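Peer 1: Input file: input.csv. Contents: CSV, C-alpha atoms and all ligand atoms.
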chain,number,residue,atom,x,y,z
V,1,MET,CA,0.0,0.0,0.0
V,2,THR,CA,1.0,3.5,-0.6
V,3,ASP,CA,-0.5,6.8,0.4
V,4,THR,CA,0.7,8.6,-2.7
V,5,PHE,CA,-2.0,10.7,-4.3
V,6,ASN,CA,-2.3,9.0,-7.7
V,7,ASP,CA,-4.2,9.5,-10.9
V,8,ASP,CA,-7.2,7.6,-9.8
V,9,ASP,CA,-7.4,9.7,-6.6
V,10,ALA,CA,-7.1,12.8,-8.7
V,11,PHE,CA,-9.9,11.7,-10.9
V,12,ALA,CA,-12.1,10.7,-8.0
V,13,CYS,CA,-11.6,14.2,-6.4
V,14,ALA,CA,-11.6,16.4,-9.4
V,15,GLY,CA,-13.8,19.4,-9.6
V,16,LEU,CA,-14.2,18.7,-13.3
V,17,ARG,CA,-13.5,15.4,-14.9
V,18,LEU,CA,-13.6,14.1,-18.4
V,19,THR,CA,-14.1,10.5,-19.3
V,20,VAL,CA,-13.0,9.4,-22.8
V,21,ASP,CA,-14.4,6.1,-24.1
V,22,LEU,CA,-11.6,4.8,-26.4
V,23,GLY,CA,-13.8,1.8,-27.3
V,24,ALA,CA,-16.4,4.2,-28.7
V,25,LEU,CA,-13.7,6.3,-30.4
V,26,VAL,CA,-12.4,3.2,-32.3
V,27,GLU,CA,-15.9,2.1,-33.2
V,28,ASN,CA,-16.7,5.6,-34.6
V,29,TRP,CA,-13.4,5.7,-36.6
V,30,ARG,CA,-14.2,2.2,-38.0
V,31,ASP,CA,-17.7,3.4,-38.9
V,32,MET,CA,-16.1,6.3,-40.8
V,33,ALA,CA,-13.8,3.9,-42.5
V,34,ARG,CA,-16.7,1.7,-43.6
V,35,ARG,CA,-18.6,4.7,-44.9
V,36,SER,CA,-15.4,5.8,-46.8
V,37,GLY,CA,-15.8,2.7,-48.9
V,38,ARG,CA,-12.7,2.0,-51.0
V,39,ALA,CA,-10.9,5.2,-49.8
V,40,ARG,CA,-8.4,4.9,-47.0
V,41,THR,CA,-9.4,6.7,-43.8
V,42,SER,CA,-7.1,9.0,-41.9
V,43,ALA,CA,-7.5,10.4,-38.4
V,44,VAL,CA,-7.6,14.1,-37.8
V,45,VAL,CA,-6.1,14.7,-34.3
V,46,LYS,CA,-5.4,18.4,-34.4
V,47,ALA,CA,-6.0,20.6,-31.2
V,48,ASP,CA,-5.0,17.8,-28.9
V,49,ALA,CA,-7.3,15.4,-30.6
V,50,TYR,CA,-10.3,17.8,-30.3
V,51,GLY,CA,-9.5,18.3,-26.7
V,52,LEU,CA,-9.5,14.6,-25.8
V,53,GLY,CA,-5.7,14.0,-25.7
V,54,ILE,CA,-3.5,13.4,-28.7
V,55,GLU,CA,-1.3,10.8,-26.9
V,56,ASP,CA,-4.1,8.3,-26.0
V,57,VAL,CA,-6.3,9.1,-29.0
V,58,GLY,CA,-3.3,8.8,-31.4
V,59,GLU,CA,-2.1,5.6,-29.9
V,60,THR,CA,-5.5,4.0,-29.9
V,61,LEU,CA,-6.4,4.9,-33.5
V,62,TYR,CA,-2.9,3.8,-34.6
V,63,ALA,CA,-3.5,0.4,-32.9
V,64,ALA,CA,-6.9,0.3,-34.6
V,65,GLY,CA,-5.2,0.6,-38.0
V,66,ALA,CA,-5.0,4.3,-38.8
V,67,ARG,CA,-1.8,5.0,-40.7
V,68,ASP,CA,-2.5,8.6,-41.9
V,69,PHE,CA,-2.9,11.4,-39.5
V,70,PHE,CA,-3.5,15.1,-39.8
V,71,VAL,CA,-2.4,17.6,-37.2
V,72,ALA,CA,-2.4,21.4,-37.3
V,73,THR,CA,1.1,22.2,-36.2
V,74,ALA,CA,4.6,20.6,-36.3
V,75,ASP,CA,4.6,20.4,-32.5
V,76,GLU,CA,1.5,18.3,-32.5
V,77,GLY,CA,3.1,16.1,-35.1
V,78,ALA,CA,6.2,15.6,-33.0
V,79,THR,CA,4.1,14.5,-30.1
V,80,LEU,CA,2.0,12.2,-32.2
V,81,ARG,CA,5.1,10.6,-33.7
V,82,LEU,CA,5.9,8.9,-30.3
V,83,TYR,CA,2.5,7.1,-30.5
V,84,ALA,CA,2.2,6.5,-34.2
V,85,PRO,CA,5.7,5.3,-35.2
V,86,GLU,CA,4.9,4.1,-38.8
V,87,ALA,CA,2.2,6.5,-39.7
V,88,ARG,CA,2.2,9.4,-42.2
V,89,ILE,CA,1.7,12.6,-40.3
V,90,PHE,CA,0.5,15.6,-42.3
V,91,VAL,CA,0.9,19.1,-40.9
V,92,LEU,CA,-1.9,21.3,-42.1
V,93,SER,CA,-0.3,24.6,-41.4
V,94,GLY,CA,2.7,23.7,-43.5
V,95,ILE,CA,6.3,24.7,-43.0
V,96,TRP,CA,8.3,27.9,-42.5
V,97,PRO,CA,12.0,28.7,-42.6
V,98,GLY,CA,13.7,27.3,-39.6
V,99,MET,CA,11.3,24.4,-39.2
V,100,GLU,CA,13.1,22.0,-41.5
V,101,ARG,CA,14.7,19.9,-38.7
V,102,ARG,CA,11.5,19.7,-36.8
V,103,PHE,CA,9.9,18.1,-39.9
V,104,PHE,CA,12.8,15.9,-40.8
V,105,GLU,CA,13.5,14.6,-37.3
V,106,ASN,CA,9.9,13.6,-36.8
V,107,ASP,CA,9.3,12.5,-40.4
V,108,LEU,CA,6.4,14.9,-40.8
V,109,VAL,CA,4.8,15.8,-44.1
V,110,PRO,CA,4.1,19.5,-44.6
V,111,VAL,CA,0.9,20.5,-46.3
V,112,ILE,CA,2.0,23.3,-48.6
V,113,ALA,CA,-0.8,25.8,-48.7
V,114,SER,CA,0.5,29.0,-50.2
V,115,GLU,CA,2.9,30.5,-52.8
V,116,GLU,CA,5.3,31.5,-50.1
V,117,GLN,CA,5.4,28.0,-48.7
V,118,LEU,CA,5.8,26.6,-52.1
V,119,THR,CA,8.8,28.8,-52.9
V,120,PHE,CA,10.4,28.0,-49.6
V,121,TRP,CA,9.7,24.3,-50.1
V,122,MET,CA,11.5,24.3,-53.5
V,123,SER,CA,14.5,25.9,-51.8
V,124,VAL,CA,14.4,23.2,-49.1
V,125,LEU,CA,14.4,20.5,-51.7
V,126,SER,CA,17.4,22.0,-53.5
V,127,ASP,CA,19.3,22.1,-50.2
V,128,TYR,CA,18.3,18.8,-48.8
V,129,GLY,CA,17.0,16.6,-51.6
V,130,ASP,CA,13.9,14.5,-51.9
V,131,TYR,CA,11.3,14.8,-49.2
V,132,PRO,CA,7.5,14.2,-49.5
V,133,CYS,CA,5.0,17.0,-49.2
V,134,ALA,CA,1.2,17.4,-49.6
V,135,LEU,CA,-0.5,20.2,-51.5
V,136,GLN,CA,-3.6,22.0,-50.4
V,137,VAL,CA,-5.6,23.6,-53.2
V,138,ASP,CA,-8.3,26.1,-52.6
V,139,THR,CA,-11.6,25.2,-54.3
V,140,GLY,CA,-13.7,28.0,-52.9
V,141,PHE,CA,-13.3,27.9,-49.1
V,142,ASN,CA,-10.9,30.9,-49.3
V,143,ARG,CA,-8.9,29.8,-46.3
V,144,LEU,CA,-5.7,27.9,-47.0
V,145,GLY,CA,-4.6,26.5,-50.3
V,146,LEU,CA,-2.9,27.4,-53.6
V,147,PRO,CA,-5.3,29.0,-56.1
V,148,MET,CA,-6.7,26.4,-58.5
V,149,ASP,CA,-5.0,27.8,-61.6
V,150,ASP,CA,-1.6,28.0,-60.0
V,151,ALA,CA,-2.0,24.4,-58.7
V,152,ILE,CA,-2.9,23.1,-62.2
V,153,ALA,CA,-0.1,25.1,-63.7
V,154,LEU,CA,2.3,23.5,-61.2
V,155,ALA,CA,1.1,20.0,-62.1
V,156,ASP,CA,1.8,20.7,-65.8
V,157,ASP,CA,5.1,22.5,-65.2
V,158,VAL,CA,7.7,20.3,-66.8
V,159,SER,CA,10.5,22.5,-65.5
V,160,ARG,CA,9.7,21.8,-61.8
V,161,PRO,CA,12.5,20.0,-59.9
V,162,ALA,CA,12.3,16.2,-60.0
V,163,SER,CA,12.7,16.2,-56.2
V,164,PHE,CA,9.4,17.9,-55.9
V,165,ALA,CA,7.2,14.9,-55.1
V,166,PRO,CA,3.8,15.6,-53.6
V,167,VAL,CA,2.2,12.5,-52.2
V,168,LEU,CA,-1.2,14.0,-51.6
V,169,VAL,CA,-3.3,16.7,-53.1
V,170,MET,CA,-6.1,17.9,-51.0
V,171,SER,CA,-8.9,20.5,-50.6
V,172,HIS,CA,-11.5,21.3,-47.9
V,173,LEU,CA,-15.3,21.6,-48.2
V,174,ALA,CA,-16.9,24.8,-47.0
V,175,CYS,CA,-20.5,23.5,-46.7
V,176,GLY,CA,-20.2,19.8,-46.3
V,177,ASP,CA,-22.4,20.0,-43.2
V,178,ASP,CA,-25.2,21.3,-45.4
V,179,PRO,CA,-25.8,18.5,-47.9
V,180,ALA,CA,-28.3,20.5,-50.1
V,181,ASN,CA,-25.8,23.3,-50.6
V,182,ALA,CA,-24.8,23.8,-54.2
V,183,MET,CA,-21.3,24.7,-53.1
V,184,ASN,CA,-20.6,21.0,-52.4
V,185,ARG,CA,-20.9,20.1,-56.1
V,186,GLN,CA,-19.0,23.1,-57.2
V,187,GLN,CA,-16.1,22.2,-55.0
V,188,LEU,CA,-16.3,18.6,-56.1
V,189,GLU,CA,-16.1,19.6,-59.8
V,190,ALA,CA,-13.2,21.9,-59.1
V,191,PHE,CA,-11.4,19.3,-57.1
V,192,ARG,CA,-11.9,16.7,-59.8
V,193,LYS,CA,-9.9,19.0,-62.2
V,194,VAL,CA,-7.2,19.4,-59.6
V,195,SER,CA,-6.9,15.7,-58.9
V,196,ALA,CA,-6.9,14.9,-62.7
V,197,ALA,CA,-4.1,17.4,-63.1
V,198,PHE,CA,-2.1,15.5,-60.4
V,199,GLU,CA,-2.8,12.1,-61.9
V,200,GLY,CA,-1.1,9.3,-60.0
V,201,ILE,CA,-1.0,11.3,-56.8
V,202,GLU,CA,-3.5,10.5,-54.0
V,203,ALA,CA,-6.4,13.0,-53.6
V,204,SER,CA,-8.4,13.9,-50.5
V,205,LEU,CA,-11.5,16.1,-50.1
V,206,ALA,CA,-13.9,14.8,-47.4
V,207,ASN,CA,-13.9,15.7,-43.7
V,208,SER,CA,-16.6,13.9,-41.6
V,209,ALA,CA,-19.5,15.7,-43.2
V,210,GLY,CA,-18.0,15.1,-46.6
V,211,ILE,CA,-17.9,11.4,-46.0
V,212,PHE,CA,-21.7,11.5,-45.5
V,213,LEU,CA,-22.1,13.2,-48.9
V,214,GLY,CA,-21.3,9.9,-50.6
V,215,PRO,CA,-18.6,8.0,-52.6
V,216,GLU,CA,-18.0,10.8,-55.2
V,217,TYR,CA,-16.5,12.9,-52.4
V,218,HIS,CA,-14.2,10.2,-51.0
V,219,PHE,CA,-11.4,10.1,-53.5
V,220,ASP,CA,-8.3,8.2,-52.1
V,221,LEU,CA,-8.2,9.3,-48.5
V,222,THR,CA,-10.9,10.7,-46.2
V,223,ARG,CA,-10.2,13.0,-43.2
V,224,PRO,CA,-12.8,12.5,-40.5
V,225,GLY,CA,-12.4,14.4,-37.3
V,226,ILE,CA,-15.5,15.4,-35.3
V,227,ALA,CA,-17.5,12.2,-36.1
V,228,THR,CA,-14.7,10.1,-34.6
V,229,TYR,CA,-15.1,12.1,-31.4
V,230,GLY,CA,-18.8,11.3,-31.4
V,231,ALA,CA,-20.2,14.8,-32.1
V,232,GLU,CA,-22.5,15.6,-35.0
V,233,ALA,CA,-21.0,16.3,-38.4
V,234,VAL,CA,-24.3,17.1,-40.2
V,235,PRO,CA,-26.7,19.2,-38.0
V,236,GLY,CA,-30.3,18.0,-38.5
V,237,MET,CA,-29.3,14.5,-39.4
V,238,ALA,CA,-29.7,11.8,-36.7
V,239,ASN,CA,-26.1,11.4,-35.4
V,240,PRO,CA,-25.1,7.7,-35.8
V,241,MET,CA,-21.9,8.0,-33.7
V,242,ARG,CA,-21.4,6.9,-30.2
V,243,PRO,CA,-20.6,9.5,-27.6
V,244,VAL,CA,-17.0,9.5,-26.7
V,245,ALA,CA,-16.5,12.2,-24.1
V,246,THR,CA,-18.4,12.7,-20.8
V,247,ALA,CA,-17.8,15.9,-18.7
V,248,GLU,CA,-18.9,15.9,-15.1
V,249,ALA,CA,-18.5,18.5,-12.4
V,250,ARG,CA,-18.7,18.1,-8.6
V,251,ILE,CA,-21.5,19.7,-6.7
V,252,ILE,CA,-19.7,21.7,-3.9
V,253,GLN,CA,-22.8,22.9,-2.1
V,254,THR,CA,-26.6,22.8,-2.3
V,255,ARG,CA,-28.9,25.5,-0.9
V,256,SER,CA,-32.5,26.4,-0.5
V,257,VAL,CA,-33.5,29.8,-1.7
V,258,LYS,CA,-36.8,31.6,-1.1
V,259,SER,CA,-39.1,32.8,-3.9
V,260,GLY,CA,-38.4,36.5,-4.7
V,261,GLU,CA,-34.7,36.2,-4.2
V,262,ALA,CA,-32.3,36.3,-7.1
V,263,VAL,CA,-29.3,34.2,-8.1
V,264,GLY,CA,-25.8,35.1,-8.9
V,265,TYR,CA,-24.0,38.0,-10.8
V,266,GLY,CA,-26.3,40.7,-11.9
V,267,ARG,CA,-29.2,39.0,-10.1
V,268,ALA,CA,-29.8,37.6,-13.6
V,269,LEU,CA,-32.3,35.0,-12.5
V,270,GLN,CA,-35.2,36.1,-10.3
V,271,LEU,CA,-36.8,33.1,-8.5
V,272,THR,CA,-40.5,32.9,-8.6
V,273,ARG,CA,-40.8,29.9,-6.4
V,274,ASP,CA,-38.9,28.4,-3.4
V,275,SER,CA,-35.9,26.7,-5.0
V,276,ARG,CA,-33.1,24.4,-4.5
V,277,LEU,CA,-29.8,25.1,-6.1
V,278,ALA,CA,-26.7,23.1,-6.7
V,279,ILE,CA,-23.4,24.9,-7.0
V,280,VAL,CA,-21.0,23.1,-9.3
V,281,SER,CA,-17.3,23.2,-9.8
V,282,ALA,CA,-17.0,24.2,-13.4
V,283,GLY,CA,-17.2,27.5,-15.1
V,284,TYR,CA,-16.1,29.4,-18.2
V,285,ALA,CA,-12.4,29.1,-17.2
V,286,ASP,CA,-13.0,25.4,-17.7
V,287,GLY,CA,-14.6,25.9,-21.1
V,288,TYR,CA,-18.1,25.7,-19.8
V,289,MET,CA,-19.1,28.7,-21.7
V,290,ARG,CA,-20.7,31.7,-20.1
V,291,SER,CA,-23.1,31.9,-23.1
V,292,GLN,CA,-25.0,28.9,-21.6
V,293,SER,CA,-26.1,31.1,-18.7
V,294,SER,CA,-29.9,31.0,-18.1
V,295,GLY,CA,-30.3,34.7,-18.8
V,296,GLY,CA,-28.7,38.1,-19.4
V,297,VAL,CA,-26.2,37.0,-22.1
V,298,PRO,CA,-26.9,39.0,-25.2
V,299,LEU,CA,-24.3,37.1,-27.2
V,300,ARG,CA,-26.5,34.0,-27.5
V,301,GLN,CA,-29.3,34.3,-29.9
V,302,THR,CA,-30.3,30.7,-30.3
V,303,GLY,CA,-33.8,31.0,-28.8
V,304,ILE,CA,-32.6,28.4,-26.2
V,305,ALA,CA,-33.0,29.4,-22.6
V,306,GLY,CA,-29.6,28.1,-21.4
V,307,GLY,CA,-27.6,25.0,-20.7
V,308,HIS,CA,-28.6,21.9,-18.7
V,309,GLY,CA,-26.9,19.4,-16.5
V,310,PHE,CA,-28.0,15.8,-15.9
V,311,ILE,CA,-28.0,14.0,-12.5
V,312,ALA,CA,-29.7,10.9,-11.2
V,313,GLY,CA,-32.0,10.6,-14.2
V,314,HIS,CA,-33.0,14.3,-14.2
V,315,LYS,CA,-32.2,17.1,-16.5
V,316,VAL,CA,-31.8,20.3,-14.7
V,317,PRO,CA,-31.3,23.9,-16.0
V,318,VAL,CA,-28.4,26.3,-15.4
V,319,ALA,CA,-29.6,29.0,-13.0
V,320,GLY,CA,-28.3,32.5,-13.6
V,321,ARG,CA,-24.9,33.4,-15.0
V,322,ILE,CA,-22.1,30.9,-15.4
V,323,THR,CA,-19.0,32.3,-13.6
V,324,MET,CA,-15.3,31.7,-13.9
V,325,ASP,CA,-15.1,28.6,-11.7
V,326,LEU,CA,-18.7,27.8,-10.8
V,327,THR,CA,-22.1,27.1,-12.3
V,328,ILE,CA,-25.4,27.0,-10.5
V,329,PHE,CA,-28.1,24.5,-11.4
V,330,ASP,CA,-31.7,24.6,-10.4
V,331,VAL,CA,-32.5,21.2,-8.9
V,332,THR,CA,-35.9,22.2,-7.4
V,333,ASP,CA,-37.8,19.7,-9.6
V,334,MET,CA,-36.0,16.6,-8.4
V,335,PRO,CA,-36.1,14.7,-5.2
V,336,GLU,CA,-33.9,16.4,-2.7
V,337,HIS,CA,-32.1,13.2,-1.6
V,338,LEU,CA,-30.8,12.6,-5.1
V,339,VAL,CA,-28.6,15.7,-5.1
V,340,ARG,CA,-25.9,15.9,-2.5
V,341,ALA,CA,-22.8,17.9,-2.1
V,342,GLY,CA,-19.9,15.8,-3.4
V,343,ASP,CA,-22.0,14.2,-6.2
V,344,TYR,CA,-21.2,14.7,-9.8
V,345,ILE,CA,-23.4,16.2,-12.4
V,346,GLU,CA,-23.0,15.5,-16.2
V,347,LEU,CA,-22.4,18.6,-18.3
V,348,PHE,CA,-22.4,16.6,-21.5
V,349,GLY,CA,-22.0,12.9,-22.3
V,350,SER,CA,-24.5,10.2,-23.0
V,351,ASN,CA,-27.5,12.0,-21.5
V,352,ILE,CA,-26.8,15.5,-22.8
V,353,SER,CA,-25.0,15.4,-26.1
V,354,VAL,CA,-22.0,17.6,-26.6
V,355,ASP,CA,-24.0,19.1,-29.5
V,356,GLU,CA,-27.0,20.0,-27.3
V,357,ALA,CA,-24.6,21.6,-24.7
V,358,ALA,CA,-22.9,23.5,-27.6
V,359,LYS,CA,-26.2,24.7,-29.0
V,360,ALA,CA,-27.2,26.1,-25.7
V,361,ALA,CA,-24.0,28.1,-25.7
V,362,GLY,CA,-24.6,29.3,-29.3
V,363,THR,CA,-21.8,27.3,-30.7
V,364,ILE,CA,-20.9,23.9,-32.1
V,365,GLY,CA,-19.6,20.6,-30.6
V,366,TYR,CA,-16.2,21.3,-32.0
V,367,GLU,CA,-15.8,24.4,-29.9
V,368,MET,CA,-17.3,22.8,-26.8
V,369,LEU,CA,-14.9,19.9,-27.0
V,370,THR,CA,-11.7,21.9,-27.7
V,371,SER,CA,-12.6,24.4,-25.0
V,372,MET,CA,-12.7,21.9,-22.2
V,373,GLY,CA,-8.9,21.6,-22.3
V,374,LEU,CA,-7.7,23.8,-19.5
V,375,ARG,CA,-8.5,22.4,-16.1
V,376,HIS,CA,-9.8,18.9,-15.7
V,377,GLU,CA,-8.8,15.4,-14.8
V,378,ARG,CA,-9.1,13.0,-17.6
V,379,ARG,CA,-9.6,9.3,-17.6
V,380,TYR,CA,-9.7,6.8,-20.4
V,381,ILE,CA,-11.9,3.8,-20.5
V,382,SER,CA,-12.5,1.2,-23.1
V,383,GLU,CA,-14.9,-1.7,-23.5
V,384,GLU,CA,-12.1,-4.0,-22.3
V,385,ALA,CA,-11.6,-1.9,-19.2
V,386,GLU,CA,-15.3,-1.9,-18.4
V,387,GLU,CA,-15.6,-5.7,-18.1
H,1,LIG,C1,-10.3,19.9,-39.1
H,1,LIG,C2,-10.2,19.4,-40.5
H,1,LIG,C3,-10.7,18.2,-40.9
H,1,LIG,C4,-11.6,17.4,-40.0
H,1,LIG,O1,-12.9,18.0,-40.1
H,1,LIG,P1,-14.2,17.4,-39.3
H,1,LIG,O2,-15.3,18.3,-39.7
H,1,LIG,O3,-13.8,17.5,-37.9
H,1,LIG,O4,-14.3,16.0,-39.7
H,1,LIG,C5,-10.4,17.7,-42.2
H,1,LIG,N1,-9.7,18.5,-43.0
H,1,LIG,C6,-9.1,19.7,-42.7
H,1,LIG,C7,-8.3,20.4,-43.7
H,1,LIG,C8,-9.4,20.2,-41.5
H,1,LIG,O5,-8.9,21.4,-41.1
Would you mind writing the structure in this file as C-alpha cells?
Ligand SMILES: *Cc1c(COP(=O)(O)O)cnc(C)c1O

Peer 2:
Amino acid sequence: MTDTFNDDDAFACAGLRLTVDLGALVENWRDMARRSGRARTSAVVKADAYGLGIEDVGETLYAAGARDFFVATADEGATLRLYAPEARIFVLSGIWPGMERRFFENDLVPVIASEEQLTFWMSVLSDYGDYPCALQVDTGFNRLGLPMDDAIALADDVSRPASFAPVLVMSHLACGDDPANAMNRQQLEAFRKVSAAFEGIEASLANSAGIFLGPEYHFDLTRPGIATYGAEAVPGMANPMRPVATAEARIIQTRSVKSGEAVGYGRALQLTRDSRLAIVSAGYADGYMRSQSSGGVPLRQTGIAGGHGFIAGHKVPVAGRITMDLTIFDVTDMPEHLVRAGDYIELFGSNISVDEAAKAAGTIGYEMLTSMGLRHERRYISEEAEE
C-alpha cells in the first residue's frame, strides 16, 4: 500500500472530470472507415485530438489501424510521432523557414498551402534533396490553399524540380455539413480538375461531413475528425456516432432559496418559487461557456433558454450566470435526496450530447470539446476496461 495521491485519486476528487471512451472512439473511426468505402481513412487529431488528448487518441487509433494522421502544427506532429511510429503525419499549417529539422527529425509531411510556402519548399528540396509533401488547393473555401489555376499550372510544369514529389493533393469543403448546398458540387467539380491534373497522386477532399455526402466525395483518402469524437457532423441528421467524451463536475454545495430572491451575478435569475440550487465546480475558465447562462447574455441568440446538466435521471437547467469557476443549477424539480454535495453532475455525455450543450451556448460541438482543455482530470476507459 502507498499513500501517494495518484491519478485515480485525482480523478475521484476532481472538480471537473472528463471520461474518454476509447472503445467508442475506435468504433466511430471504423464506422467512418466503412462509410469511406474504397478510400483509405485517416484520423484528424489536431488541437490535442479535439481536446481529448492526442497521446491516447493517437495511440488508440494507430492500434486500430490508422496510418495517416492530420495535425495542425509541427509540435502536435512531434508529439504524435511517439505514439504512431509508422504513420504518415500531415501538418496542415505547412512549413516555415527554420522548421526543417522539426519536420525531418519527426518524419512529418508538410501540407504546402500558399505560394510563399511553395517557394520555400522548393529551396528546401534544392538544399536537402527528396522529401515528401502534400499540396492544399483552394476550391472555394478561401482559407488555406494554392489557387486552382496555380496548382494546375504547377502540375503541368515540366520544369519543376524532379525532387518535388507531392504524395497527396487535398482541398477542404466549406458547406459539407449542409448536404443540399450547391457549393458542395461546385467544389467537387473543381477538385476533380485538380486531382486529374495531379494524376497518380492521391487525392483527399472529405472531412466527416464530406464522407456522408457519398462516394464521389471520398477520392483516395478521407479525413474524419469530429465524427470520430462522437459529435454531429451534419446538423439536423440523426447522429449515428457513439458519444466519446463525458464531462462531469462536482457539486460543492446545495442550498435552499426563497421565492423572490435572485441568483448570482447581476441577479440575472429572479426566483418565482422556493428553489433548491446546486453549486457546481465548473465555469467558463474550464470551457463551460458563459453563453450557456440562463439569462442576461446577449451574445447568445439561439432561442434556447440556457444549458442543462444531468443528474440521477433528471435534466436540470443552469440558473443565472455561469461564472469563472462555478455554475449554479436549479434542482428544485428533483427529489432532494438525489442531489448531495460531493456528487457529480453531467455537463455533457450520453444524456446531454455535446452538441446539445454546444447549441445552448450558441456554438458547435467542435468548440465545446476543444474548449474543455484547461482544467480537468481526464480518464480513459474502453470496452475491455469496463468488463
Ligand atoms: C479539421 C479538418 C478536418 C476534419 O474535419 P471534421 O469536420 O472534424 O471531420 C479535415 N480536413 C481539414 C483540412 C481540417 O482542417

Peer 1: Could you give me the axis-aligned bounding box of ligand LIG 1 (chain H), with 3 Å of padding per side, as centre plus edge lengths in Å to one decimal, as AutoDock Vina command-line options?

Peer 2:
--center_x -11.8 --center_y 18.7 --center_z -40.8 --size_x 13.0 --size_y 11.4 --size_z 11.8

Peer 1: If we count only C-alpha atoms, what is near region 186-203 of chain V at a cut-off of 9 Å, once residues fewer than 3 positions away on the same chain are taken out, given as a count of residues only?

Peer 2: 30

Peer 1: Point out the residue among V:Val91, V:Ala72, V:Ala84, V:Ala227 with the least atom-to-atom distance to Arg35 (chain V), counting only C-alpha atoms.

Peer 2: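 Among V:Val91, V:Ala72, V:Ala84, V:Ala227, it is V:Ala227 that comes nearest to Arg35 (chain V).
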
Peer 1: Please indicate the distance in Å from CA of Val71 (chain V) to CA of Ala233 (chain V), rounded to one decimal place.

Peer 2: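 Taking CA of Val71 (chain V) and CA of Ala233 (chain V), their separation equals 18.7 Å.
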
Peer 1: Given the choices V:Tyr366, V:Tyr344, V:Tyr83, V:Tyr62, which gets closest to ligand LIG 1 (chain H) if the distance is worked out from only C-alpha atoms and all ligand atoms?

Peer 2: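 That would be V:Tyr366, the residue with the smallest distance to ligand LIG 1 (chain H).
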
Peer 1: Pick out the closest residue to ligand LIG 1 (chain H) from this set: V:Ser159, V:Gln292, V:Ser275, V:Thr228. Count only C-alpha atoms and all ligand atoms.

Peer 2: V:Thr228

Peer 1: Kindly indicate which residue among V:Asn6, V:Ser93, V:Asn28, V:Ser163 lies nearest to Gly129 (chain V), using only C-alpha atoms for the distances.

Peer 2: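 Among the listed residues, V:Ser163 lies closest to Gly129 (chain V).
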
Peer 1: Tell me, counting all atoms listed in the file, for each residue of region 312-379 of chain V within 9 Å of region 258-266 of chain V, which pair of atoms is nearest and how far apart they are in Å to one decimal, in rows ordered by chain and increasing number, as a tab-separated table.

Peer 2:
residue	atom	partner	partner_atom	distance
V:Ala319	CA	V:Val263	CA	7.2
V:Gly320	CA	V:Val263	CA	5.8
V:Arg321	CA	V:Tyr265	CA	6.3
V:Ile322	CA	V:Gly264	CA	8.6
V:Thr323	CA	V:Tyr265	CA	8.1
V:Ile328	CA	V:Gly264	CA	8.3

Peer 1: With distances taken over all atoms listed in the file, which of V:Ala63, V:Ala162, V:Leu347, V:Cys13 is nearest to Ala249 (chain V)?

Peer 2: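 Among V:Ala63, V:Ala162, V:Leu347, V:Cys13, it is V:Leu347 that comes nearest to Ala249 (chain V).
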
Peer 1: For Asp21 (chain V), which of V:Ile226, V:Ile311, V:Ala285, V:Ile381 is the closest residue, counting only C-alpha atoms?

Peer 2: V:Ile381

Peer 1: Which residues sit within 6 Å of ligand LIG 1 (chain H), counting all atoms listed in the file, listed as a list in words?

Peer 2: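 The neighbouring residues of ligand LIG 1 (chain H) are, in order, Val44, His172, Asn207, Ser208, Arg223, Pro224, Gly225 and Ile226 of chain V.
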
Peer 1: Keeping only C-alpha atoms, write the selected residues as a JSON list (two decimals), in the coordinates of the input.

Peer 2:
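And here is the file that came out, again-v4.json:
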[["chain", "number", "residue", "atom", "x", "y", "z"],
["V", 44, "VAL", "CA", -7.60, 14.10, -37.80],
["V", 172, "HIS", "CA", -11.50, 21.30, -47.90],
["V", 207, "ASN", "CA", -13.90, 15.70, -43.70],
["V", 208, "SER", "CA", -16.60, 13.90, -41.60],
["V", 223, "ARG", "CA", -10.20, 13.00, -43.20],
["V", 224, "PRO", "CA", -12.80, 12.50, -40.50],
["V", 225, "GLY", "CA", -12.40, 14.40, -37.30],
["V", 226, "ILE", "CA", -15.50, 15.40, -35.30]]

Peer 1: Show me the residues around (-25.6, 24.7, -3.5) - criterion: an atom at most 7 Å away, all atoms listed in the file counted - as a VMD selection string.

Peer 2: chain V and resid 252 to 255 277 to 279

Peer 1: Grab the CA of Arg378 (chain V) to CA of Val20 (chain V) distance for me, in Å with one decimal place.

Peer 2: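 Between these atoms lies a distance of 7.4 Å.
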